[in-house]
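Undergrad: Here you go, this is entry.tsv (TSV, C-alpha atoms).
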chain	number	residue	atom	x	y	z
A	1	MET	CA	81.03	127.74	96.23
A	2	SER	CA	80.83	129.53	92.92
A	3	ILE	CA	83.73	131.35	91.35
A	4	LYS	CA	82.27	134.72	92.42
A	5	GLU	CA	82.24	133.60	96.07
A	6	LEU	CA	85.89	132.60	96.17
A	7	GLN	CA	87.34	133.23	99.66
A	8	ASP	CA	90.89	133.73	100.89
A	9	VAL	CA	92.40	131.98	103.94
A	10	ASN	CA	90.91	134.58	106.28
A	11	GLY	CA	87.39	133.95	105.01
A	12	THR	CA	87.27	137.23	103.13
A	13	VAL	CA	85.16	136.91	100.00
A	14	ILE	CA	87.04	137.74	96.82
A	15	HIS	CA	84.92	139.14	93.96
A	16	PRO	CA	86.78	138.56	90.71
A	17	MET	CA	84.97	139.89	87.73
A	18	THR	CA	85.98	136.95	85.53
A	19	GLU	CA	87.12	133.34	85.86
A	20	MET	CA	90.56	134.45	84.66
A	21	ALA	CA	90.74	136.86	87.59
A	22	ALA	CA	89.83	134.03	89.95
A	23	ILE	CA	92.79	132.00	88.67
A	24	ALA	CA	95.09	134.99	88.95
A	25	ASP	CA	94.04	135.54	92.58
A	26	ALA	CA	94.45	131.86	93.55
A	27	ASP	CA	97.82	132.57	95.22
A	28	LYS	CA	95.83	134.33	97.97
A	29	LEU	CA	94.56	130.90	99.03
A	30	VAL	CA	98.12	129.69	99.85
A	31	ASN	CA	99.12	130.32	103.44
A	32	THR	CA	102.80	131.33	103.51
A	33	THR	CA	103.03	132.36	107.15
A	34	SER	CA	101.74	129.52	109.37
A	35	THR	CA	100.23	126.05	108.97
A	36	GLN	CA	99.08	124.70	105.62
A	37	ASN	CA	97.54	121.24	105.19
A	38	ASN	CA	98.69	120.39	108.73
A	39	ILE	CA	102.38	120.87	107.77
A	40	ALA	CA	103.88	123.47	110.07
A	41	GLY	CA	106.32	126.02	108.75
A	42	ILE	CA	106.73	128.61	106.06
A	43	LYS	CA	105.85	127.45	102.58
A	44	ASN	CA	107.61	129.18	99.76
A	45	PHE	CA	107.01	127.52	96.44
A	46	VAL	CA	109.24	129.98	94.64
A	47	ASP	CA	112.46	129.36	96.56
A	48	GLY	CA	111.91	125.58	96.88
A	49	ILE	CA	112.51	123.14	99.73
A	50	ASN	CA	115.52	123.53	102.01
A	51	ILE	CA	117.33	120.89	104.07
A	52	LYS	CA	119.25	122.51	106.93
A	53	GLY	CA	119.42	125.71	104.92
A	54	VAL	CA	120.68	124.01	101.76
A	55	PRO	CA	118.31	124.03	98.78
A	56	LEU	CA	117.39	120.49	97.78
A	57	SER	CA	118.13	121.35	94.18
A	58	ALA	CA	121.71	122.27	95.16
A	59	ILE	CA	122.56	118.87	96.70
A	60	ASP	CA	124.52	116.69	94.27
A	61	PHE	CA	123.89	113.06	95.18
A	62	ARG	CA	126.50	112.05	92.59
A	63	ASN	CA	129.29	113.68	94.60
A	64	ILE	CA	131.84	111.07	95.75
A	65	ASN	CA	134.54	111.99	98.25
A	66	SER	CA	138.08	110.71	98.47
A	67	VAL	CA	139.03	109.06	101.76
A	68	PRO	CA	140.88	111.75	103.80
A	69	ASN	CA	144.63	111.12	103.61
A	70	ASN	CA	143.75	107.72	102.14
A	71	ASN	CA	143.10	106.48	105.71
A	72	ILE	CA	139.75	104.95	106.65
A	73	TYR	CA	140.16	106.06	110.28
A	74	GLU	CA	140.15	109.71	109.21
A	75	ILE	CA	136.59	109.63	107.89
A	76	ASN	CA	134.46	111.58	110.39
A	77	GLN	CA	131.66	113.07	108.28
A	78	SER	CA	128.64	111.59	106.56
A	79	GLY	CA	128.89	111.10	102.83
A	80	LEU	CA	129.76	108.75	99.99
A	81	TYR	CA	133.44	107.83	99.63
A	82	TYR	CA	135.59	105.79	97.26
A	83	TYR	CA	138.44	103.65	98.56
A	84	TYR	CA	141.33	101.83	96.84
A	85	SER	CA	143.20	98.61	97.53
A	86	LYS	CA	146.01	100.60	99.18
A	87	THR	CA	143.74	102.67	101.43
A	88	THR	CA	145.03	102.14	104.97
A	89	ASN	CA	142.93	100.59	107.75
A	90	ARG	CA	140.60	99.11	105.16
A	91	PRO	CA	138.88	96.00	106.59
A	92	LEU	CA	139.77	92.66	105.08
A	93	MET	CA	137.35	91.78	102.29
A	94	SER	CA	137.33	89.34	99.41
A	95	ILE	CA	139.47	90.21	96.40
A	96	SER	CA	136.38	91.30	94.45
A	97	TYR	CA	136.05	94.34	96.74
A	98	LEU	CA	139.60	95.70	96.92
A	99	ASN	CA	138.23	98.93	95.42
A	100	GLY	CA	134.78	100.26	96.07
A	101	TYR	CA	132.38	102.61	97.80
A	102	ILE	CA	131.72	103.52	101.42
A	103	LEU	CA	128.50	105.00	102.77
A	104	ALA	CA	129.38	106.95	105.94
A	105	ILE	CA	126.79	108.05	108.52
A	106	PHE	CA	128.06	110.15	111.45
A	107	LYS	CA	126.24	111.67	114.42
A	108	ASP	CA	129.42	113.59	115.23
A	109	ALA	CA	133.16	113.17	114.64
A	110	ASP	CA	133.44	110.49	117.35
A	111	ASN	CA	130.36	108.39	116.57
A	112	GLY	CA	129.47	106.93	113.22
A	113	ILE	CA	129.33	103.86	111.03
A	114	LEU	CA	130.76	102.94	107.63
A	115	LEU	CA	129.14	100.54	105.18
A	116	PHE	CA	131.45	99.09	102.53
A	117	THR	CA	128.71	98.51	99.99
A	118	GLY	CA	130.34	95.84	97.84
A	119	GLY	CA	131.34	93.41	100.57
A	120	LEU	CA	128.50	94.41	102.93
A	121	THR	CA	131.05	95.06	105.66
A	122	THR	CA	130.50	97.59	108.45
A	123	MET	CA	132.94	99.49	110.68
A	124	GLU	CA	131.67	101.44	113.67
A	125	LYS	CA	133.34	104.32	115.48
A	126	PHE	CA	131.99	104.61	119.02
A	127	GLU	CA	133.09	107.37	121.40
A	128	GLY	CA	136.20	107.96	119.33
A	129	VAL	CA	137.27	104.31	119.09
A	130	TRP	CA	137.03	102.20	115.92
A	131	ARG	CA	135.56	98.76	116.52
A	132	THR	CA	136.42	95.53	114.66
A	133	ALA	CA	134.78	95.36	111.23
A	134	GLU	CA	131.82	93.00	110.87
A	135	THR	CA	130.27	91.18	107.93
A	136	ASN	CA	127.98	88.25	107.22
A	137	SER	CA	129.84	87.49	104.00
A	138	ALA	CA	132.54	84.82	103.84
A	139	ILE	CA	136.04	86.30	103.53
A	140	THR	CA	138.72	84.36	101.70
A	141	LEU	CA	141.70	83.90	104.02
A	142	TRP	CA	143.61	81.48	101.79
A	143	SER	CA	143.16	79.74	98.45
A	144	GLY	CA	145.29	77.35	96.45
A	145	GLY	CA	145.97	73.63	96.56
A	146	ALA	CA	147.22	72.17	99.85
A	147	LYS	CA	148.71	68.72	100.46
A	148	VAL	CA	149.78	67.10	103.71
A	149	GLY	CA	152.75	68.94	105.17
A	150	ASP	CA	151.86	72.33	103.62
A	151	THR	CA	151.58	75.48	105.73
A	152	LEU	CA	148.74	77.84	104.83
A	153	LYS	CA	149.48	81.55	105.27
A	154	LEU	CA	146.22	83.31	106.13
A	155	ALA	CA	145.25	86.88	105.26
A	156	ALA	CA	144.13	87.66	108.83
A	157	ASP	CA	144.27	86.42	112.40
A	158	VAL	CA	142.00	83.43	112.97
A	159	ASN	CA	140.70	85.04	116.18
A	160	ASN	CA	139.03	87.80	114.14
A	161	PHE	CA	136.36	85.28	113.13
A	162	ASP	CA	133.71	83.16	114.85
A	163	ARG	CA	134.15	80.22	112.50
A	164	LEU	CA	136.14	79.05	109.50
A	165	ARG	CA	134.85	77.37	106.35
A	166	PHE	CA	137.11	74.89	104.56
A	167	LYS	CA	136.68	73.61	101.00
A	168	LEU	CA	137.78	69.98	100.83
A	169	THR	CA	138.73	68.17	97.62
A	170	THR	CA	138.99	64.44	98.29
A	171	PRO	CA	137.91	61.23	96.51
A	172	LEU	CA	134.60	61.69	98.35
A	173	GLY	CA	133.92	64.97	96.51
A	174	ASN	CA	134.19	68.73	96.95
A	175	ASP	CA	132.51	69.86	100.14
A	176	TYR	CA	132.52	72.81	102.53
A	177	VAL	CA	133.04	72.08	106.22
A	178	GLU	CA	132.65	74.72	108.96
A	179	ARG	CA	134.42	74.73	112.30
A	180	SER	CA	134.41	77.11	115.27
A	181	THR	CA	137.62	79.05	115.77
A	182	ASN	CA	137.84	78.18	119.49
A	183	LYS	CA	140.01	75.14	118.73
A	184	SER	CA	143.76	74.79	118.32
A	185	THR	CA	143.29	71.83	115.96
A	186	PHE	CA	140.64	71.47	113.27
A	187	TRP	CA	139.42	68.00	112.28
A	188	LEU	CA	137.54	68.14	108.98
A	189	THR	CA	135.48	65.06	108.21
A	190	GLN	CA	133.58	63.87	105.12
A	191	VAL	CA	131.32	60.82	105.29
A	192	GLY	CA	129.71	58.83	102.46
A	193	LEU	CA	128.78	55.35	101.25
A	194	SER	CA	130.53	52.98	98.90
A	195	GLY	CA	129.06	52.51	95.44
A	196	ASP	CA	127.14	49.40	96.49
A	197	GLY	CA	125.96	51.04	99.71
A	198	LYS	CA	127.46	48.30	101.86
A	199	ALA	CA	130.28	50.25	103.45
A	200	ILE	CA	130.76	53.65	105.03
A	201	ARG	CA	133.53	55.76	103.53
A	202	ALA	CA	135.14	58.61	105.42
A	203	ALA	CA	137.90	61.14	104.89
A	204	GLU	CA	139.45	63.31	107.58
A	205	LEU	CA	141.88	66.23	107.41
A	206	THR	CA	143.78	67.58	110.40
A	207	LEU	CA	144.95	71.21	110.52
A	208	ASP	CA	146.96	72.72	113.38
A	209	ARG	CA	146.98	76.42	114.18
A	210	MET	CA	150.39	78.07	114.25
A	211	ASP	CA	151.55	80.28	117.12
A	212	ASP	CA	151.10	83.58	115.24
A	213	GLN	CA	147.41	82.70	114.61
A	214	LYS	CA	147.79	83.72	110.95
A	215	ALA	CA	148.84	80.32	109.63
A	216	MET	CA	147.91	76.66	109.93
A	217	LYS	CA	149.58	73.43	108.90
A	218	LEU	CA	147.84	70.56	107.12
A	219	SER	CA	149.35	67.76	109.20
A	220	LYS	CA	147.26	64.76	108.17
A	221	ALA	CA	144.78	63.54	105.54
A	222	LEU	CA	143.28	60.05	105.71
A	223	ILE	CA	140.57	58.12	103.90
A	224	ASN	CA	138.82	54.92	104.88
A	225	ASN	CA	136.91	53.06	102.18
A	226	GLY	CA	135.13	50.71	104.54
A	227	SER	CA	138.09	48.60	105.53
A	228	SER	CA	139.71	48.33	108.94
A	229	LYS	CA	142.60	50.59	108.00
A	230	ALA	CA	142.65	54.20	106.81
A	231	ASP	CA	144.98	55.17	103.98
A	232	PRO	CA	146.86	58.48	103.67
A	233	LEU	CA	145.92	60.97	100.97
A	234	SER	CA	148.91	62.47	99.16
A	235	ASP	CA	147.15	64.62	96.55
A	236	VAL	CA	145.63	68.09	96.98
A	237	VAL	CA	142.85	67.83	99.55
A	238	LEU	CA	142.14	71.47	100.48
A	239	THR	CA	141.57	74.45	98.16
A	240	LYS	CA	140.12	77.29	100.24
A	241	VAL	CA	139.79	78.65	103.77
A	242	GLU	CA	137.20	81.35	104.51
A	243	GLY	CA	136.43	83.34	107.62
A	244	LEU	CA	132.92	84.11	108.88
A	245	ARG	CA	131.74	86.34	111.71
What's the structure tokens form of this structure?

TA:
Amino acid sequence: MSIKELQDVNGTVIHPMTEMAAIADADKLVNTTSTQNNIAGIKNFVDGINIKGVPLSAIDFRNINSVPNNNIYEINQSGLYYYYSKTTNRPLMSISYLNGYILAIFKDADNGILLFTGGLTTMEKFEGVWRTAETNSAITLWSGGAKVGDTLKLAADVNNFDRLRFKLTTPLGNDYVERSTNKSTFWLTQVGLSGDGKAIRAAELTLDRMDDQKAMKLSKALINNGSSKADPLSDVVLTKVEGLR
């Protein structure tokens, strides 16, 4: 249509005398009371867009909340939070994430989920009860240098994990070995060949779980270099224990 046949939303022809008048009357083409461009609702381009009655421009996405009473279990509203190493009921995470951020999403005060963004660890509250934290990241339970006879004090109960990952340091090299946690004794085995490829070499560590489930003892470490008899290892043979869920 030409400028002089400009119509409003009701089909009424508007007769501006000039093109400038047509531009000035263009607001009559905007429907502010019903459906516009198949988007239902009232459109008000002066006041802006609202989310649950709060203007979008008024929401500060940089706002970071403190954990209520410094207790994770007291979070019951959606938002972004910052926690510290001494925040209570914080899930066990690697030392790199002793301080960090939590993204909280809550349906209501009794049902929600927390994401600890650094360690990618989640905690869910379901019907008012907090569930065990979950993560796909390995969590360091112990690190150091263990020899036969040493007791390893772990950072958490072994039963909190599906499997453990051990870092061995033997004459056969530095390797990770995983074992399920449904055992009372862990046998950790490395296998390799001799330099000439004529003999099989093997090392095996034995760790026994302690009664409190938060410690284990390195009771034996042997190596066989292809002979009929295995020899004990007296040096450091284990440097890390990690938990995985």

Undergrad: Can you work out which one of A:Thr122, A:Lys147, A:Lys167, A:Gln77 has the shortest atom-to-atom distance to A:Pro232, counting all atoms listed in the file?

TA: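 Smallest separation from A:Pro232 among the options: A:Lys147.
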
Undergrad: Using atom CA of A:Ala109 and atom CA of A:Tyr83 as the two end points, give the distance in Å to one decimal.

TA: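 Computed distance, atom CA of A:Ala109 to atom CA of A:Tyr83, equals 19.4 Å.
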
Undergrad: What separation in Å, quoted to one decimal, exists between atom CA of A:Ala156 and atom CA of A:Lys214?

TA: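 Answer for the atom CA of A:Ala156 to atom CA of A:Lys214 separation: 5.8 Å.
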
Undergrad: For A:Leu207, which residue out of A:Val236, A:Gly195, A:Gly149, A:Phe161 is the nearest one, using all atoms listed in the file?

TA: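 With all atoms listed in the file as the atom set, the closest residue is A:Gly149.
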
Undergrad: Hey, which of A:Leu222, A:Leu92, A:Leu152, A:Ile105 ends up closest to A:Ala133? Count only C-alpha atoms.

TA: A:Leu92

Undergrad: Using all atoms listed in the file, find the one residue out of A:Asn70, A:Leu238, A:Gly118, A:Ile75 that sits nearest to A:Thr87.

TA: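 Closest residue, counting all atoms listed in the file: A:Asn70.
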
Undergrad: Go through A:Thr88, A:Leu188, A:Ile223, A:Leu205 and flag the residue nearest A:Val148, using all atoms listed in the file for the distances.

TA: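 Closest residue, counting all atoms listed in the file: A:Leu205.
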
Undergrad: Can you pull out the residues contacting A:Thr135? Cut-off 9 Å, using only C-alpha atoms, and skip same-chain residues under 6 positions away; I want them as a PyMOL selection string.

TA: chain A and resi 119-122+244-245

Undergrad: Report the distance between atom CA of A:Ala199 and atom CA of A:Ala230 in Å, rounded to one decimal place.

TA: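 Taking atom CA of A:Ala199 as the start and atom CA of A:Ala230 as the end point, the length is 13.4 Å.
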
Undergrad: If you count all atoms listed in the file, which residues fall within 9 Å of A:Ser180, apart from same-chain ones fewer than 4 positions away, as a ChimeraX atom specification?

TA: /A:161-165,186

Undergrad: Which one of A:Asn89, A:Asn69, A:Ser194, A:Ser219 sits closest to A:Ala146 if you count only C-alpha atoms?

TA: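 Among the listed residues, A:Ser219 lies closest to A:Ala146.
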
Undergrad: Could you give me, as a ChimeraX atom specification, the residues that sit within 6 Å of (133.7, 49.6, 105.6) in the file's coordinates, counting only C-alpha atoms?

TA: /A:199-200,225-227

Undergrad: Compile the contact shell of A:Asp211 as JSON, numbers by chain: residues with an atom at most 12 Å away, counting all atoms listed in the file, same-chain residues fewer than 3 positions apart removed.

TA: {"A": [157, 158, 159, 184, 185, 208, 214, 215, 216, 217]}

Undergrad: Leaving out A:Glu127 and any residue of its chain fewer than 2 positions from it, which residues lie within 12 Å of it when counting all atoms listed in the file, given as number ranges by chain?

TA: A: 76, 106-113, 124-125, 129-131
